[in-house]
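Structure file upload_17.txt (compact mmCIF, C-alpha atoms) follows.
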```txt
# COMPACT_ATOMS: atom_id res chain seq x y z
CA SER C 1 -22.05 -4.55 -27.70
CA ARG C 2 -24.44 -1.57 -27.60
CA ARG C 3 -25.93 -2.88 -24.36
CA LYS C 4 -22.47 -3.16 -22.82
CA MET C 5 -21.60 0.37 -23.90
CA ALA C 6 -24.86 1.72 -22.53
CA SER C 7 -24.38 -0.02 -19.16
CA THR C 8 -20.83 1.31 -18.97
CA GLN C 9 -21.98 4.84 -19.68
CA ARG C 10 -24.72 4.65 -17.04
CA ARG C 11 -22.34 3.33 -14.40
CA PRO C 12 -21.38 6.16 -12.00
CA PRO C 13 -17.74 6.85 -11.16
CA ILE C 14 -16.17 4.92 -8.31
CA SER C 15 -16.04 7.98 -6.10
CA ASP C 16 -19.81 8.54 -6.47
CA VAL C 17 -20.56 4.92 -5.63
CA ALA C 18 -18.28 5.08 -2.61
CA ARG C 19 -19.93 8.25 -1.33
CA ARG C 20 -23.31 6.52 -1.29
CA LEU C 21 -22.00 3.40 0.44
CA LEU C 22 -19.75 4.90 3.08
CA PRO C 23 -18.65 8.26 4.46
CA LEU C 24 -15.28 9.48 3.22
CA PRO C 25 -13.46 12.11 5.33
CA THR C 26 -13.01 14.51 2.42
CA ASP C 27 -12.75 17.45 4.84
CA ASN C 28 -9.70 16.04 6.63
CA GLY C 29 -6.29 17.20 5.50
CA TRP C 30 -4.71 13.75 5.66
CA PHE C 31 -7.25 12.48 3.12
CA ARG C 32 -7.15 15.52 0.83
CA ASP C 33 -3.35 15.32 0.70
CA LEU C 34 -3.51 11.86 -0.86
CA PRO C 35 -3.00 11.64 -4.63
CA GLU C 36 -6.26 11.00 -6.47
CA MET C 37 -5.17 7.48 -7.44
CA LEU C 38 -4.59 6.59 -3.80
CA GLN C 39 -7.94 8.08 -2.82
CA ALA C 40 -9.52 5.80 -5.42
CA GLN C 41 -7.60 2.77 -4.11
CA VAL C 42 -8.81 3.41 -0.57
CA ALA C 43 -12.38 4.04 -1.72
CA VAL C 44 -12.45 0.78 -3.69
CA ALA C 45 -11.13 -1.21 -0.72
CA LEU C 46 -13.77 0.27 1.58
CA GLU C 47 -16.49 -0.18 -1.03
CA THR C 48 -15.60 -3.85 -1.51
CA ARG C 49 -15.97 -4.62 2.19
CA ALA C 50 -19.16 -2.57 2.41
CA ARG C 51 -20.74 -4.60 -0.39
CA LYS C 52 -19.65 -7.96 1.04
CA ARG C 53 -20.79 -7.21 4.60
CA LYS C 54 -23.76 -4.99 3.92
CA GLY C 55 -26.23 -5.43 6.77
CA LYS C 56 -23.85 -7.61 8.81
CA GLU C 57 -21.94 -4.81 10.53
CA PRO C 58 -22.05 -1.02 10.82
CA ILE C 59 -20.47 0.99 8.03
CA GLU C 60 -16.69 0.92 8.15
CA GLU C 61 -15.27 4.28 9.17
CA LEU C 62 -11.98 5.62 7.84
CA LEU C 63 -9.84 6.78 10.77
CA TRP C 64 -6.36 7.41 9.36
CA VAL C 65 -4.47 7.19 6.08
CA GLY C 66 -0.75 7.56 5.46
CA THR C 67 1.85 6.96 2.78
CA PRO C 68 5.54 6.01 2.84
CA TYR C 69 7.71 9.09 3.26
CA LEU C 70 11.06 9.48 1.54
CA ARG C 71 13.19 12.45 2.46
CA THR C 72 14.65 14.54 -0.34
CA ARG C 73 18.13 13.43 0.65
CA THR C 74 17.16 9.78 0.23
CA ILE C 75 15.59 10.42 -3.18
CA ILE C 76 18.70 12.27 -4.37
CA LEU C 77 20.96 9.45 -3.19
CA LEU C 78 18.80 6.88 -4.98
CA PHE C 79 18.91 8.85 -8.23
CA MET C 80 22.69 9.29 -7.94
CA LEU C 81 23.12 5.55 -7.39
CA TRP C 82 20.77 4.81 -10.28
CA SER C 83 22.69 7.14 -12.60
CA ALA C 84 26.03 5.62 -11.61
CA LEU C 85 24.85 2.04 -12.10
CA LEU C 86 23.22 3.01 -15.38
CA LEU C 87 26.13 4.94 -16.93
CA LEU C 88 29.27 3.21 -15.65
CA PRO C 89 28.64 -0.29 -17.11
CA THR C 90 27.58 1.06 -20.52
CA PRO C 91 31.08 1.62 -22.04
CA PHE C 92 32.24 -1.82 -20.91
CA LEU C 93 29.14 -3.52 -22.30
CA VAL C 94 29.49 -1.76 -25.65
CA GLU C 95 33.24 -2.32 -26.01
CA LEU C 96 33.71 -5.81 -24.57
CA LEU C 97 30.57 -7.70 -25.58
CA GLU C 98 29.14 -8.54 -28.94
CA HIS C 99 25.84 -6.71 -29.35
CA GLY C 100 26.84 -4.75 -26.27
CA GLY C 101 24.49 -1.93 -27.20
CA TRP C 102 21.52 -4.24 -26.82
CA TRP C 103 22.84 -5.41 -23.46
CA ALA C 104 23.11 -1.78 -22.37
CA ILE C 105 19.53 -1.10 -23.43
CA GLY C 106 18.36 -4.21 -21.58
CA TRP C 107 20.18 -3.16 -18.42
CA SER C 108 18.62 0.32 -18.60
CA ILE C 109 15.14 -1.25 -18.76
CA VAL C 110 15.91 -3.55 -15.82
CA SER C 111 17.23 -0.63 -13.78
CA VAL C 112 13.92 1.18 -14.19
CA PHE C 113 12.10 -1.65 -12.40
CA LEU C 114 14.78 -1.72 -9.70
CA PHE C 115 14.83 1.96 -8.76
CA VAL C 116 11.55 3.56 -9.84
CA PRO C 117 9.42 1.47 -7.43
CA ARG C 118 11.57 2.70 -4.54
CA THR C 119 11.30 6.37 -5.46
CA THR C 120 7.56 6.37 -6.25
CA ARG C 121 6.22 4.53 -3.19
CA GLY C 122 4.55 7.67 -1.87
CA SER C 123 2.26 7.81 -4.92
CA ARG C 124 1.50 4.08 -5.09
CA GLU C 125 1.09 2.86 -1.50
CA ALA C 126 -1.54 3.75 1.07
CA PHE C 127 -1.58 2.68 4.72
CA VAL C 128 -5.09 2.69 6.15
CA LEU C 129 -6.64 2.34 9.60
CA THR C 130 -10.40 1.95 9.77
CA SER C 131 -12.83 1.14 12.54
CA TYR C 132 -12.44 -2.61 11.84
CA ARG C 133 -9.08 -3.31 10.23
CA ALA C 134 -5.66 -2.17 9.14
CA PHE C 135 -4.65 -2.62 5.53
CA ALA C 136 -1.96 -1.61 3.08
CA SER C 137 -3.03 -1.01 -0.52
CA ILE C 138 -0.15 -1.13 -2.99
CA ARG C 139 -0.33 -0.37 -6.71
CA THR C 140 2.45 -2.29 -8.42
CA MET C 141 4.47 -1.21 -11.44
CA TYR C 142 2.12 -3.37 -13.52
CA CYS C 143 -0.89 -1.33 -12.29
CA SER C 144 -2.33 -4.21 -10.27
CA ILE C 145 -3.49 -3.65 -6.69
CA GLU C 146 -2.10 -5.77 -3.85
CA THR C 147 -3.76 -5.54 -0.43
CA SER C 148 -2.63 -6.98 2.89
CA GLN C 149 -5.08 -6.59 5.75
CA LEU C 150 -5.80 -7.63 9.31
CA ASP C 151 -8.91 -7.21 11.41
CA TYR C 152 -8.04 -5.77 14.80
CA SER C 153 -9.67 -8.75 16.52
CA ASP C 154 -7.15 -11.05 14.79
CA VAL C 155 -4.02 -9.11 15.80
CA THR C 156 -1.84 -11.10 18.20
CA ALA C 157 1.27 -8.88 18.21
CA ALA C 158 2.12 -5.29 17.36
CA ARG C 159 5.45 -3.51 17.12
CA VAL C 160 6.44 0.09 16.45
CA THR C 161 10.00 1.12 15.59
CA VAL C 162 11.52 4.52 14.87
CA ASN C 163 13.82 4.72 11.85
CA SER C 164 17.00 6.74 11.50
CA ASP C 165 15.22 9.29 9.26
CA HIS C 166 12.69 10.01 12.06
CA THR C 167 9.91 8.06 10.35
CA GLY C 168 8.29 5.04 11.93
CA THR C 169 7.44 1.48 10.98
CA ILE C 170 4.34 -0.27 12.33
CA GLU C 171 4.06 -4.05 12.16
CA LEU C 172 0.82 -5.86 12.99
CA ARG C 173 0.97 -9.64 13.11
CA SER C 174 -1.57 -12.42 13.50
CA SER C 175 -0.82 -16.07 14.22
CA LEU C 176 -4.50 -17.02 13.89
CA PRO C 177 -5.63 -18.94 10.80
CA GLU C 178 -7.47 -17.13 8.05
CA PRO C 179 -11.24 -17.73 7.73
CA SER C 180 -10.58 -19.65 4.50
CA HIS C 181 -7.87 -21.81 6.10
CA ASN C 182 -8.22 -25.54 5.54
CA PRO C 183 -8.49 -27.19 9.00
CA ARG C 184 -6.73 -30.27 7.63
CA ASN C 185 -3.61 -28.22 6.98
CA PRO C 186 -1.58 -28.10 10.23
CA TYR C 187 0.58 -25.24 8.98
CA VAL C 188 -0.69 -21.75 9.79
CA ARG C 189 1.18 -18.93 8.11
CA ASP C 190 1.47 -15.69 10.05
CA ARG C 191 -0.35 -12.78 8.49
CA VAL C 192 1.53 -9.49 8.63
CA VAL C 193 0.62 -5.91 7.76
CA VAL C 194 3.52 -3.45 7.67
CA PHE C 195 3.28 0.34 7.50
CA ASP C 196 6.80 1.34 6.49
CA ARG C 197 8.35 4.84 6.65
CA VAL C 198 5.32 6.46 8.25
CA ARG C 199 5.81 10.17 8.83
CA ASP C 200 2.68 10.81 10.91
CA LEU C 201 3.55 8.12 13.44
CA ARG C 202 1.95 9.84 16.43
CA ASP C 203 -1.55 9.98 14.95
CA ALA C 204 -1.30 6.41 13.68
CA CYS C 205 -0.33 5.16 17.14
CA ARG C 206 -3.10 7.22 18.72
CA VAL C 207 -5.66 5.47 16.52
CA LEU C 208 -4.16 2.04 17.14
CA ASN C 209 -4.28 2.58 20.89
CA THR C 210 -8.04 2.98 20.66
CA VAL C 211 -8.88 0.16 18.23
CA LEU C 212 -6.47 -2.66 19.10
CA PRO C 213 -7.35 -5.14 21.85
CA ARG C 214 -6.27 -3.90 25.26
CA GLU C 215 -3.90 -6.82 25.87
CA ILE C 216 -2.03 -5.97 22.65
CA VAL C 217 -1.70 -2.30 23.55
CA GLU C 218 -0.46 -3.06 27.06
CA SER C 219 2.02 -5.73 25.98
```
Do you think you could lay out the structure here as structure tokens?
Amino acid sequence: SRRKMASTQRRPPISDVARRLLPLPTDNGWFRDLPEMLQAQVAVALETRARKRKGKEPIEELLWVGTPYLRTRTIILLFMLWSALLLLPTPFLVELLEHGGWWAIGWSIVSVFLFVPRTTRGSREAFVLTSYRAFASIRTMYCSIETSQLDYSDVTAARVTVNSDHTGTIELRSSLPEPSHNPRNPYVRDRVVVFDRVRDLRDACRVLNTVLPREIVES
């Protein structure tokens, strides 16, 4: 146990390891504006690829990072809806059902997992464009990290839409099989990476225009 504790104490922080493996654009405003947890998520994703492909390709360069953007009006509406759905059923549950108080407590817990993920996306999700791939890193409510990614060379379709709140949604799709795909399996599932509610749509599209295959950009 002492050896494990000593090795843990000697291990440098993730940010220090990432700085030695790859350059992080710490001087750029779009990276500094990220919450520290999202900076760590992005650094870990880049570090993982750098370790796996060390010596096989040049160092992956971070070109753009964004987060989902919710306008204040949308957040207020979500909280109003949450409050209404939380408070209105409570008297009926307490009065009409046996052990209604416990049902009300249970519903309040369920409502947290219904509404909080929608209002905290900006602090849990990062949309990233690098010199090799596009990926979305999402920290779930259970503190696990889910990552969907596509190399630009695998992208077979791209679509950009403008939402009613003046944000944009970018969808990158690939119909090519994954490297780990079993050739005996005739079914190939499309791989999709979605950047939803992007505020800085212009810069994201500018980067994509330079890294995506020409036939995808012109289509």
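Restricting the calculation to only C-alpha atoms, the smallest distance between Cys205 in chain C and any of C:Ala104, C:Ile76, C:Leu63, C:Val112 is found for C:Leu63.
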Checklist entry - So which one's closest to Leu201 in chain C, C:Arg184, C:Arg133, C:Arg71, C:His166? Using all atoms listed in the file, please. => result C:His166
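From CA of Leu34 in chain C back to CA of Val155 in chain C, the distance works out to 26.8 Å.
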Next on the checklist: Could you check which residues have any atom within 7 Å of (5.4, 11.3, 8.3), counting only C-alpha atoms with coordinates taken straight from the file, and then list them as a ChimeraX atom specification?
Outcome noted: /C:69,167,198-201
Checklist entry - Hey, what's within 12 Å of Met37 in chain C if we count only C-alpha atoms and toss same-chain stuff fewer than 2 positions away? As a ChimeraX atom specification, please? => result /C:14-15,31-35,39-44,122-126,137-139,143,145
Write the residues you've just listed into a file as a PDB file, in the coordinates of the input, and include C-alpha atoms for each of them.
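Contents of the output file part.pdb:
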```pdb
ATOM      1  CA  ILE C  14     -16.170   4.920  -8.310  1.00  0.00           C
ATOM      2  CA  SER C  15     -16.040   7.980  -6.100  1.00  0.00           C
ATOM      3  CA  PHE C  31      -7.250  12.480   3.120  1.00  0.00           C
ATOM      4  CA  ARG C  32      -7.150  15.520   0.830  1.00  0.00           C
ATOM      5  CA  ASP C  33      -3.350  15.320   0.700  1.00  0.00           C
ATOM      6  CA  LEU C  34      -3.510  11.860  -0.860  1.00  0.00           C
ATOM      7  CA  PRO C  35      -3.000  11.640  -4.630  1.00  0.00           C
ATOM      8  CA  GLN C  39      -7.940   8.080  -2.820  1.00  0.00           C
ATOM      9  CA  ALA C  40      -9.520   5.800  -5.420  1.00  0.00           C
ATOM     10  CA  GLN C  41      -7.600   2.770  -4.110  1.00  0.00           C
ATOM     11  CA  VAL C  42      -8.810   3.410  -0.570  1.00  0.00           C
ATOM     12  CA  ALA C  43     -12.380   4.040  -1.720  1.00  0.00           C
ATOM     13  CA  VAL C  44     -12.450   0.780  -3.690  1.00  0.00           C
ATOM     14  CA  GLY C 122       4.550   7.670  -1.870  1.00  0.00           C
ATOM     15  CA  SER C 123       2.260   7.810  -4.920  1.00  0.00           C
ATOM     16  CA  ARG C 124       1.500   4.080  -5.090  1.00  0.00           C
ATOM     17  CA  GLU C 125       1.090   2.860  -1.500  1.00  0.00           C
ATOM     18  CA  ALA C 126      -1.540   3.750   1.070  1.00  0.00           C
ATOM     19  CA  SER C 137      -3.030  -1.010  -0.520  1.00  0.00           C
ATOM     20  CA  ILE C 138      -0.150  -1.130  -2.990  1.00  0.00           C
ATOM     21  CA  ARG C 139      -0.330  -0.370  -6.710  1.00  0.00           C
ATOM     22  CA  CYS C 143      -0.890  -1.330 -12.290  1.00  0.00           C
ATOM     23  CA  ILE C 145      -3.490  -3.650  -6.690  1.00  0.00           C
TER      24      ILE C 145
END
```
Item to check | Between CA of Trp30 in chain C and CA of Val65 in chain C - distance in Å to one decimal | outcome: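 Result for CA of Val65 in chain C versus CA of Trp30 in chain C: 6.6 Å, one decimal.
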Checklist entry - So which residues fall inside 12 Å of (-0.5, 0.5, 19.8) if we count only C-alpha atoms? Mind giving them as a PyMOL selection string? => result chain C and resi 152+155-161+169-172+201-219
Checklist entry - In terms of the shortest atom-to-atom distance over only C-alpha atoms, which of C:Arg191, C:Lys54, C:Arg73, C:Arg118 is closest to Ala134 in chain C? => result C:Arg191
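If you look at CA of Glu57 in chain C and CA of Ala45 in chain C, they are 16.0 Å away from each other.
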